[in-house]
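Asks: The file below is final03.cif, mmCIF, C-alpha atoms and all ligand atoms:
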data_final
loop_
_atom_site.label_atom_id
_atom_site.label_comp_id
_atom_site.auth_asym_id
_atom_site.auth_seq_id
_atom_site.Cartn_x
_atom_site.Cartn_y
_atom_site.Cartn_z
CA MET P 1 24.27 179.44 222.41
CA THR P 2 24.70 176.01 220.80
CA ARG P 3 26.14 173.40 223.14
CA PRO P 4 27.13 169.96 221.77
CA LEU P 5 25.47 167.50 224.14
CA LEU P 6 25.75 164.11 222.42
CA GLU P 7 28.69 163.45 220.09
CA LEU P 8 29.28 160.21 218.20
CA LYS P 9 32.45 159.75 216.17
CA GLY P 10 33.04 156.67 214.02
CA VAL P 11 30.60 154.61 216.08
CA THR P 12 29.88 151.05 214.99
CA ARG P 13 27.77 148.44 216.70
CA SER P 14 27.95 144.82 215.69
CA PHE P 15 26.18 141.74 217.00
CA LEU P 16 27.28 138.16 216.79
CA ALA P 17 24.73 136.43 214.56
CA GLY P 18 25.63 132.74 214.37
CA GLU P 19 29.29 132.60 213.41
CA LYS P 20 29.35 135.98 211.69
CA ASP P 21 29.22 139.54 212.97
CA PHE P 22 26.16 141.54 211.95
CA ILE P 23 26.94 145.26 211.73
CA ALA P 24 23.85 147.17 212.86
CA LEU P 25 25.52 150.62 212.95
CA LYS P 26 28.31 151.58 210.56
CA ASP P 27 30.67 154.50 211.18
CA ILE P 28 28.10 156.89 212.65
CA ASN P 29 29.24 160.51 213.02
CA LEU P 30 26.61 162.65 214.66
CA THR P 31 26.37 165.62 217.01
CA ILE P 32 23.15 166.56 218.79
CA ASN P 33 23.08 169.95 220.51
CA ALA P 34 21.33 170.77 223.75
CA GLY P 35 17.76 171.90 223.19
CA GLU P 36 17.29 170.25 219.79
CA ILE P 37 14.30 168.16 218.78
CA VAL P 38 15.45 165.43 216.41
CA ALA P 39 13.59 162.64 214.65
CA ILE P 40 15.44 159.48 213.65
CA ILE P 41 13.60 157.74 210.84
CA GLY P 42 14.22 154.68 208.70
CA ALA P 43 12.75 151.38 207.62
CA SER P 44 12.28 148.50 210.04
CA GLY P 45 15.65 146.91 210.87
CA SER P 46 17.62 149.95 209.70
CA GLY P 47 19.21 150.43 213.14
CA LYS P 48 17.06 153.18 214.75
CA SER P 49 16.58 151.47 218.11
CA THR P 50 20.21 150.33 218.14
CA LEU P 51 21.27 153.96 217.69
CA MET P 52 18.86 155.11 220.38
CA ASN P 53 20.19 152.50 222.79
CA VAL P 54 23.75 153.67 222.20
CA LEU P 55 22.69 157.33 222.59
CA GLY P 56 20.95 156.54 225.88
CA CYS P 57 23.88 154.44 227.19
CA LEU P 58 21.58 151.41 227.35
CA ASP P 59 24.03 149.73 224.99
CA HIS P 60 27.67 150.39 224.19
CA ALA P 61 29.30 150.98 220.84
CA SER P 62 31.55 148.21 219.51
CA SER P 63 34.04 150.85 218.40
CA GLY P 64 34.30 154.62 218.07
CA SER P 65 33.83 157.44 220.52
CA TYR P 66 30.64 158.62 222.23
CA LYS P 67 30.65 161.69 224.48
CA VAL P 68 27.79 162.87 226.67
CA ASP P 69 28.17 166.50 227.69
CA GLY P 70 31.89 166.23 226.96
CA ARG P 71 32.40 162.97 228.92
CA GLU P 72 33.74 159.98 226.98
CA THR P 73 31.58 156.94 227.67
CA SER P 74 33.56 154.17 225.97
CA ALA P 75 35.77 153.53 229.01
CA MET P 76 32.99 153.84 231.60
CA ASP P 77 31.99 150.84 233.69
CA ASP P 78 28.36 149.77 234.30
CA HIS P 79 27.97 151.92 237.43
CA GLU P 80 29.23 155.05 235.74
CA LEU P 81 26.95 154.43 232.77
CA ALA P 82 23.99 153.88 235.11
CA ALA P 83 24.75 157.18 236.86
CA LEU P 84 25.03 158.93 233.49
CA ARG P 85 21.68 157.52 232.38
CA ARG P 86 20.06 158.49 235.67
CA ASP P 87 21.35 162.07 235.56
CA HIS P 88 20.89 162.90 231.88
CA PHE P 89 18.31 160.69 230.20
CA GLY P 90 14.61 159.98 230.37
CA PHE P 91 13.24 157.11 228.29
CA ILE P 92 9.87 156.67 226.65
CA PHE P 93 9.10 153.34 225.01
CA GLN P 94 6.42 152.22 222.59
CA ARG P 95 5.06 149.72 225.15
CA TYR P 96 5.49 152.12 228.11
CA HIS P 97 7.39 149.57 230.27
CA LEU P 98 5.58 150.54 233.47
CA LEU P 99 5.77 148.23 236.48
CA PRO P 100 2.34 146.55 236.54
CA HIS P 101 2.00 146.12 240.31
CA LEU P 102 2.82 149.75 241.15
CA SER P 103 0.50 152.76 241.01
CA ALA P 104 1.04 155.54 238.45
CA LEU P 105 2.51 157.70 241.23
CA HIS P 106 4.92 155.01 242.34
CA ASN P 107 6.00 154.27 238.76
CA VAL P 108 6.84 157.92 238.24
CA GLU P 109 8.77 158.07 241.51
CA MET P 110 10.94 155.10 240.58
CA PRO P 111 13.89 156.94 238.92
CA ALA P 112 14.03 159.37 241.85
CA ILE P 113 14.30 156.48 244.30
CA TYR P 114 17.48 155.34 242.55
CA ALA P 115 18.73 158.92 242.49
CA GLY P 116 18.33 159.07 246.29
CA VAL P 117 15.68 161.80 246.37
CA GLY P 118 13.84 162.11 249.70
CA GLU P 119 10.34 160.66 249.99
CA SER P 120 8.32 163.86 250.44
CA GLN P 121 10.15 165.60 247.59
CA ARG P 122 9.57 162.56 245.38
CA HIS P 123 5.86 162.41 246.15
CA SER P 124 5.26 166.07 245.50
CA ARG P 125 7.30 166.13 242.27
CA ALA P 126 5.66 162.96 240.92
CA SER P 127 2.14 164.20 241.71
CA ASP P 128 2.98 167.59 240.23
CA LEU P 129 4.26 166.01 236.98
CA LEU P 130 1.24 163.71 236.70
CA GLY P 131 -1.04 166.67 237.39
CA ARG P 132 0.62 168.69 234.61
CA LEU P 133 0.09 165.77 232.25
CA GLY P 134 -3.63 165.64 233.10
CA LEU P 135 -3.55 162.57 235.35
CA ASP P 136 -4.61 164.23 238.59
CA GLY P 137 -7.39 161.80 239.27
CA HIS P 138 -5.36 158.68 238.43
CA LEU P 139 -2.39 158.84 240.79
CA GLN P 140 -3.25 155.57 242.53
CA ASN P 141 -4.32 153.67 239.40
CA ARG P 142 -2.21 150.77 238.27
CA PRO P 143 -1.15 150.60 234.58
CA SER P 144 -3.89 148.05 233.85
CA GLN P 145 -6.44 150.63 235.05
CA LEU P 146 -5.20 153.28 232.58
CA SER P 147 -5.70 153.74 228.84
CA GLY P 148 -2.72 153.49 226.44
CA GLY P 149 -2.46 157.29 226.15
CA GLN P 150 -2.61 157.68 229.93
CA GLN P 151 0.08 155.02 230.39
CA GLN P 152 2.30 156.84 227.90
CA ARG P 153 1.79 160.07 229.83
CA VAL P 154 2.81 158.26 233.01
CA SER P 155 5.96 157.10 231.23
CA ILE P 156 6.64 160.69 230.10
CA ALA P 157 6.28 161.86 233.71
CA ARG P 158 8.70 159.09 234.73
CA ALA P 159 11.17 160.25 232.07
CA LEU P 160 11.02 163.76 233.54
CA MET P 161 11.30 162.72 237.16
CA ASN P 162 15.08 163.20 237.45
CA GLY P 163 15.13 166.20 235.17
CA GLY P 164 15.20 164.38 231.84
CA GLU P 165 17.69 166.70 230.16
CA VAL P 166 17.56 164.37 227.13
CA ILE P 167 14.28 162.61 226.37
CA LEU P 168 14.75 159.53 224.20
CA ALA P 169 11.48 158.27 222.79
CA ASP P 170 11.38 155.04 220.78
CA GLU P 171 8.14 154.98 218.76
CA PRO P 172 6.30 156.96 221.49
CA THR P 173 3.06 157.06 219.53
CA GLY P 174 3.38 153.60 217.97
CA ALA P 175 0.83 151.93 220.25
CA LEU P 176 -1.59 154.87 220.45
CA ASP P 177 -4.67 156.00 218.55
CA THR P 178 -4.42 159.24 216.54
CA THR P 179 -5.80 161.53 219.26
CA SER P 180 -3.60 160.12 222.05
CA GLY P 181 -0.62 160.15 219.68
CA LYS P 182 -1.19 163.86 218.96
CA GLU P 183 -1.46 164.59 222.69
CA VAL P 184 1.82 162.81 223.38
CA MET P 185 3.54 164.70 220.54
CA LYS P 186 2.17 167.99 221.91
CA ILE P 187 3.69 167.19 225.31
CA LEU P 188 7.06 166.34 223.74
CA LEU P 189 7.03 169.66 221.82
CA GLU P 190 6.23 171.55 225.02
CA LEU P 191 9.09 169.81 226.78
CA ASN P 192 11.42 170.79 223.97
CA ALA P 193 10.22 174.39 224.25
CA ALA P 194 11.01 174.21 227.96
CA GLY P 195 14.65 173.34 227.19
CA HIS P 196 14.68 169.52 227.01
CA THR P 197 16.58 167.86 224.18
CA VAL P 198 14.13 165.47 222.54
CA ILE P 199 15.09 162.56 220.28
CA ILE P 200 12.23 160.66 218.70
CA VAL P 201 12.73 157.35 216.92
CA THR P 202 9.89 156.72 214.51
CA HIS P 203 8.97 155.26 211.16
CA ASP P 204 5.95 157.58 210.94
CA GLU P 205 6.57 160.57 208.61
CA LYS P 206 3.83 162.61 210.35
CA VAL P 207 5.48 162.19 213.74
CA ALA P 208 8.88 163.03 212.26
CA ALA P 209 7.43 166.21 210.71
CA ASN P 210 7.17 167.67 214.24
CA ALA P 211 10.94 167.64 214.65
CA LYS P 212 13.23 170.44 213.54
CA ARG P 213 15.92 168.05 212.40
CA ILE P 214 15.36 164.73 210.67
CA ILE P 215 18.04 162.04 210.47
CA GLU P 216 17.37 159.15 208.13
CA ILE P 217 19.06 155.80 208.64
CA GLN P 218 19.39 152.98 206.15
CA ASP P 219 21.15 149.68 206.80
CA GLY P 220 22.95 151.12 209.81
CA GLU P 221 24.26 154.21 208.00
CA ILE P 222 23.13 157.82 208.09
CA LEU P 223 21.51 158.43 204.71
CA SER P 224 20.55 162.06 205.31
CA ASP P 225 20.64 164.63 208.11
CA ARG P 226 18.51 167.67 207.32
CA VAL P 227 16.76 170.60 208.90
CA ASN P 228 12.98 170.34 208.69
CA LEU P 229 12.12 173.57 206.89
CA GLU P 230 8.43 173.13 207.55
CA ARG P 231 9.03 173.85 211.23
CA PRO P 232 9.49 177.43 212.44
CA VAL P 233 13.03 178.30 213.55
CA ASP P 234 13.41 178.84 217.28
CA ASP P 235 14.70 181.79 219.12
CA PRO P 236 18.39 180.77 219.48
CA SER P 237 18.57 182.27 222.96
CA ALA P 238 16.07 179.67 224.18
CA GLN P 239 18.29 176.78 223.04
CA GLY P 240 20.72 174.97 225.28
CA GLU P 241 18.93 175.79 228.54
CA ARG P 242 19.32 173.07 231.07
CA PRO P 243 16.03 171.78 232.50
CA ALA P 244 15.72 171.97 236.28
CA LYS P 245 17.25 169.02 238.10
CA VAL P 246 15.94 167.40 241.24
CA LYS P 247 17.88 167.96 244.42
CA GLN P 248 19.40 164.74 245.68
CA ALA P 249 19.65 163.72 249.33
CA SER P 250 22.96 162.92 251.10
CA ARG P 251 24.50 159.49 250.43
CA LEU P 252 23.46 158.10 253.83
CA VAL P 253 19.87 159.32 253.55
CA ALA P 254 19.78 158.08 249.95
CA GLY P 255 21.08 154.63 251.01
CA LEU P 256 18.51 154.32 253.82
CA GLY P 257 15.75 155.53 251.52
CA LEU P 258 16.75 153.01 248.88
CA PHE P 259 16.75 150.17 251.43
CA SER P 260 13.32 151.05 252.82
CA GLU P 261 11.96 151.51 249.29
CA ALA P 262 13.35 148.12 248.24
CA PHE P 263 11.58 146.61 251.26
CA ASN P 264 8.34 148.43 250.45
CA MET P 265 8.49 147.37 246.82
CA ALA P 266 9.14 143.74 247.76
CA TRP P 267 6.15 143.88 250.10
CA VAL P 268 3.93 145.46 247.43
CA ALA P 269 5.07 142.81 244.93
CA LEU P 270 4.20 140.03 247.40
CA ILE P 271 0.79 141.51 248.16
CA SER P 272 -0.10 142.12 244.55
CA HIS P 273 0.70 138.54 243.49
CA ARG P 274 -1.07 136.72 246.30
CA MET P 275 -1.47 133.37 244.56
CA ARG P 276 2.17 133.29 243.46
CA THR P 277 3.29 134.27 246.96
CA LEU P 278 1.07 131.60 248.51
CA LEU P 279 2.40 128.86 246.21
CA THR P 280 6.01 129.95 246.79
CA MET P 281 5.46 129.90 250.56
CA LEU P 282 3.80 126.48 250.30
CA GLY P 283 6.80 125.17 248.34
CA ILE P 284 9.22 126.54 250.94
CA ILE P 285 7.17 125.10 253.83
CA ILE P 286 7.00 121.64 252.17
CA GLY P 287 10.75 121.74 251.48
CA ILE P 288 11.71 122.70 255.04
CA THR P 289 9.24 120.21 256.58
CA SER P 290 10.65 117.39 254.43
CA VAL P 291 14.23 118.12 255.47
CA VAL P 292 13.30 118.36 259.17
CA SER P 293 11.25 115.11 258.96
CA ILE P 294 14.07 113.18 257.27
CA VAL P 295 16.61 114.34 259.86
CA ALA P 296 14.20 113.49 262.72
CA ILE P 297 13.40 110.02 261.31
CA GLY P 298 17.13 109.28 260.85
CA GLU P 299 17.93 110.39 264.40
CA GLY P 300 14.98 108.41 265.82
CA ALA P 301 16.02 105.24 263.97
CA LYS P 302 19.59 105.59 265.22
CA ARG P 303 18.45 105.96 268.81
CA TYR P 304 16.08 103.00 268.46
CA VAL P 305 18.87 100.71 267.23
CA LEU P 306 21.27 101.89 269.94
CA LYS P 307 18.61 101.36 272.59
CA ASP P 308 18.02 97.80 271.32
CA ILE P 309 21.71 97.00 271.41
CA GLN P 310 22.09 98.44 274.90
CA ALA P 311 19.09 96.37 276.04
CA ILE P 312 21.10 93.21 275.33
CA GLY P 313 22.99 93.98 278.53
CA SER P 314 26.41 95.21 277.65
CA ASN P 315 27.93 97.87 275.54
CA THR P 316 31.35 96.21 275.37
CA ILE P 317 32.40 93.20 273.33
CA GLU P 318 35.40 91.35 274.66
CA ILE P 319 37.46 89.22 272.34
CA PHE P 320 39.62 86.26 273.42
CA ARG P 321 42.17 84.25 271.56
CA ALA P 322 41.04 80.67 270.80
CA PRO P 323 43.65 77.94 270.29
CA THR P 324 43.59 76.38 266.85
CA GLY P 325 41.16 73.47 266.65
CA ALA P 326 39.36 74.32 269.86
CA THR P 327 35.58 74.53 270.09
CA VAL P 328 34.47 77.81 271.56
CA ALA P 329 31.53 77.95 273.90
CA ARG P 330 29.72 81.24 273.50
CA PRO P 331 28.93 83.09 276.68
CA PRO P 332 25.13 83.63 276.70
CA SER P 333 25.57 87.40 276.98
CA LYS P 334 27.46 87.52 273.64
CA PRO P 335 25.44 85.42 271.23
CA TRP P 336 26.65 87.34 268.22
CA CYS P 337 30.36 86.49 268.62
CA TYR P 338 31.40 83.54 266.44
CA PRO P 339 34.82 82.28 265.50
CA THR P 340 35.15 82.95 261.75
CA SER P 341 36.82 79.58 261.04
CA ARG P 342 35.19 76.77 262.91
CA PRO P 343 37.26 73.70 263.67
CA SER P 344 35.97 70.40 262.21
CA ALA P 345 33.99 68.06 264.51
CA SER P 346 36.72 65.44 264.48
CA SER P 347 39.36 67.84 265.70
CA THR P 348 37.20 69.13 268.58
CA THR P 349 38.80 68.04 271.78
CA SER P 350 37.66 70.55 274.32
CA THR P 351 34.45 72.43 275.20
CA ALA P 352 36.10 74.89 277.58
CA PRO P 353 35.89 78.52 276.62
CA ARG P 354 39.19 79.85 275.32
CA PRO P 355 40.21 83.32 274.21
CA MET P 356 39.89 83.91 270.45
CA SER P 357 42.24 85.86 268.25
CA ALA P 358 40.87 88.99 266.53
CA ALA P 359 41.45 87.20 263.23
CA THR P 360 39.25 84.24 264.17
CA CYS P 361 36.40 86.22 265.64
CA CYS P 362 33.54 87.73 263.66
CA CYS P 363 33.72 90.88 265.79
CA ALA P 364 37.29 91.35 264.54
CA SER P 365 38.10 93.92 267.20
CA ARG P 366 37.22 95.21 270.61
CA THR P 367 34.23 97.46 270.13
CA SER P 368 32.58 99.90 272.44
CA MET P 369 29.02 100.99 271.90
N1 LIG P 401 20.89 141.97 220.13
C1 LIG P 401 20.93 141.81 218.80
N2 LIG P 401 21.54 140.72 218.28
C2 LIG P 401 21.61 140.53 216.96
N3 LIG P 401 21.12 141.41 216.04
C3 LIG P 401 20.51 142.51 216.51
C4 LIG P 401 20.38 142.76 217.91
N4 LIG P 401 19.74 143.95 218.07
C5 LIG P 401 19.46 144.40 216.84
N5 LIG P 401 19.93 143.53 215.92
C6 LIG P 401 19.83 143.70 214.47
O1 LIG P 401 20.19 145.01 214.14
C7 LIG P 401 19.36 145.51 213.11
C8 LIG P 401 18.75 146.82 213.57
O2 LIG P 401 17.85 146.57 214.60
P1 LIG P 401 17.00 147.74 215.26
O3 LIG P 401 16.22 147.17 216.38
O4 LIG P 401 17.91 148.86 215.57
O5 LIG P 401 16.04 148.15 214.05
P2 LIG P 401 14.93 149.29 214.00
O6 LIG P 401 15.35 150.24 212.95
O7 LIG P 401 14.70 149.85 215.34
O8 LIG P 401 13.68 148.47 213.50
P3 LIG P 401 12.13 148.66 213.92
O9 LIG P 401 11.62 149.86 213.21
O10 LIG P 401 11.49 147.41 213.40
O11 LIG P 401 12.06 148.76 215.40
C9 LIG P 401 18.32 144.44 212.83
O12 LIG P 401 18.66 143.77 211.64
C10 LIG P 401 18.40 143.52 214.01
O13 LIG P 401 18.17 142.19 213.62
MG MG P 402 13.09 149.75 216.76
#
Can you turn what I pasted into structure tokens?

Replies:
Amino acid sequence: MTRPLLELKGVTRSFLAGEKDFIALKDINLTINAGEIVAIIGASGSGKSTLMNVLGCLDHASSGSYKVDGRETSAMDDHELAALRRDHFGFIFQRYHLLPHLSALHNVEMPAIYAGVGESQRHSRASDLLGRLGLDGHLQNRPSQLSGGQQQRVSIARALMNGGEVILADEPTGALDTTSGKEVMKILLELNAAGHTVIIVTHDEKVAANAKRIIEIQDGEILSDRVNLERPVDDPSAQGERPAKVKQASRLVAGLGLFSEAFNMAWVALISHRMRTLLTMLGIIIGITSVVSIVAIGEGAKRYVLKDIQAIGSNTIEIFRAPTGATVARPPSKPWCYPTSRPSASSTTSTAPRPMSAATCCCASRTSM
């Protein structure tokens, strides 16, 4: 039975280009049923990737309605959209987008980590998927140790990890040679036969010829939407089957798993970029050492000055009032204390020490040190 899975009504997507809005998608009305295999074709810049991004909830429509399995997405927040992507979509990109420092197995496991699937289940499903895609002997290879076709198969396995009810493939064969491209297309056809909805964005007519429905886009508008008569019609009973989903762990187990995986990944990232890690650590060490040294030097200098002052013999300065015109004899223990306005020599009549006023003394106040 036909089940509408993705429904766009009056969808537009515009981007701010300078001071004007550029409309990349104009009033798109489109329904894709569960189990279909659809090719979206069009010239470069016609809006294929923009449409795919909206379909996969990687981007949002500027206006209009988009429903996934009956759920309206326009009012969803980022978390809800992320959950929708995780549960329904698997992505395949022209340039694979694999994490370079992780093994093929770990790359494939990645979506399941975010879905909170337990470690042993993740391992066995990822190795099983890679095995089915002919990568048995390459589970521990990093992307740089795999050919383009092998990397694309890893990315297909990753797209299937959480079930991949809808596989969105943007130019999946674009970076591959003819043989690898055919292999990848064969896998996508098999997945479609197994019940996955497959949407392929391509500018290659030969790739599009594999699909049963071809949608052509021009300048952000649907130019044509036709059934590919060269493809045999399926048994309708096979359509709309939901592919098997992975069983998710409880929230607590998922949270703990996510934390330990984040730690593991951070560690792997540090190990795999040794020089960068070393330089970063060196920078941090130099920074901390500089701060500690400056604080220590400041503290040492302060203590040194205080010690010097205390060595003079007293930590108290006493201030006395001096009568106007009197000469003040400085006590030897307080050589720094001068009257601020000295009387003239002619007016000096006495040499006896007299108290000074705060106003006439350089110390200006009674100070304790
Ligand atoms: N973020 C953006 N900001 C501004 N304009 C954008 C943005 N994304 C896409 N566009 C514009 O939207 C139009 C459609 O882009 P899109 O990437 O969908 O084209 P495409 O059909 O996938 O092309 P190609 O086959 O070359 O990949 C282009 O003119 C592009 O410049
Ligand atoms: Mg594109």

Asks: With distances taken over only C-alpha atoms and all ligand atoms, which residue among P:Lys302, P:Arg3, P:Arg125, P:His203 lies nearest ligand MG 402 (chain P)?

Replies: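 Smallest separation from ligand MG 402 (chain P) among the options: P:His203.
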
Asks: For a test of reading the model, state the distance in Å between CA of His106 (chain P) and CA of Asp59 (chain P), rounded to one decimal.

Replies: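 Calculated distance between CA of His106 (chain P) and CA of Asp59 (chain P) is 26.3 Å.
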
Asks: Show me a table, sorted first by chain and then by increasing residue number, of the residues of chain P having an atom at most 7 Å from ligand MG 402 (chain P), each with its shortest atom pair and the distance in Å to one decimal, counting all atoms listed in the file and written as a Markdown table.

Replies:
| residue | atom | partner | partner_atom | distance |
| --- | --- | --- | --- | --- |
| P:Ser44 | CA | P:MG402 | MG | 6.9 |
| P:Lys48 | CA | P:MG402 | MG | 5.6 |
| P:Ser49 | CA | P:MG402 | MG | 4.1 |
| P:Asp170 | CA | P:MG402 | MG | 6.9 |

Asks: Using all atoms listed in the file, find each residue in chain P having at least one atom no more than 6 Å away from ligand LIG 401 (chain P); report its shortest atom-to-atom pair and that distance in Å (one decimal), rows by chain then rising number, as a Markdown table.

Replies:
| residue | atom | partner | partner_atom | distance |
| --- | --- | --- | --- | --- |
| P:Phe15 | CA | P:LIG401 | C2 | 4.7 |
| P:Ala17 | CA | P:LIG401 | C2 | 5.7 |
| P:Ala24 | CA | P:LIG401 | O1 | 4.4 |
| P:Ala43 | CA | P:LIG401 | O9 | 5.9 |
| P:Ser44 | CA | P:LIG401 | O9 | 3.5 |
| P:Gly45 | CA | P:LIG401 | O5 | 3.4 |
| P:Ser46 | CA | P:LIG401 | O6 | 4.0 |
| P:Gly47 | CA | P:LIG401 | O4 | 3.2 |
| P:Lys48 | CA | P:LIG401 | O6 | 3.8 |
| P:Ser49 | CA | P:LIG401 | O7 | 3.7 |
| P:Thr50 | CA | P:LIG401 | O4 | 3.7 |

Asks: Please, what distance in Å, to one decimal, runs between CA of Ala115 (chain P) and CA of Ala269 (chain P)?

Replies: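 CA of Ala269 (chain P) lies 21.3 Å from CA of Ala115 (chain P).
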
Asks: So which residues touch Leu99 (chain P) within 12 Å, counting all atoms listed in the file, skipping near sequence neighbours fewer than 4 positions away, as a PyMOL selection string?

Replies: chain P and resi 95+103-110+141-144+151+154-155+158+265+268-269+272

Asks: How big is the axis-aligned box, and where does its centre sit, when it encloses all atoms of region 174-184 of chain P listed in the file and has 3 Å added on every side, reported in Å to one decimal as lines of an AutoDock Vina configuration file?

Replies:
center_x = -1.2
center_y = 158.3
center_z = 220.0
size_x = 15.2
size_y = 18.7
size_z = 12.8

Asks: Which residue, P:Lys67, P:His60, P:Arg85, P:Lys182, has the smallest gap to Leu30 (chain P) when you use all atoms listed in the file?

Replies: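 Closest to Leu30 (chain P) of all the choices is P:Lys67.
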
Asks: As an exercise, work out the distance from CA of Gln152 (chain P) to CA of Leu176 (chain P) in Å and give it to one decimal place.

Replies: 8.6 Å

Asks: From the list P:Val117, P:Leu135, P:Ile309, P:Leu188, which residue is nearest Gly164 (chain P) when using only C-alpha atoms?

Replies: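 Of all the options, P:Leu188 lies closest to Gly164 (chain P).
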
Asks: Which residue is closest to Ile215 (chain P)? Choose from P:Ser14, P:Thr173, P:Thr324, P:Thr31 and count all atoms listed in the file.

Replies: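 The closest residue to Ile215 (chain P) is P:Thr31.
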
Asks: When you count only C-alpha atoms, which of these residues is closest to Ser180 (chain P): P:Thr197, P:Thr202, P:Thr73, P:Gln150?

Replies: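 Of the candidates, the smallest distance to Ser180 (chain P) is held by P:Gln150.
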
Asks: Can you tell me, as a list in words, which residues sit within 9 Å of (23.6, 155.1, 226.8) in the file's frame, using only C-alpha atoms?

Replies: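 All residues meeting the 9 Å criterion around (23.6, 155.1, 226.8) are Met52, Asn53, Val54, Leu55, Gly56, Cys57, Leu58, Asp59, His60, Val68, Thr73, Leu81, Ala82, Leu84, Arg85 and Phe89 of chain P.
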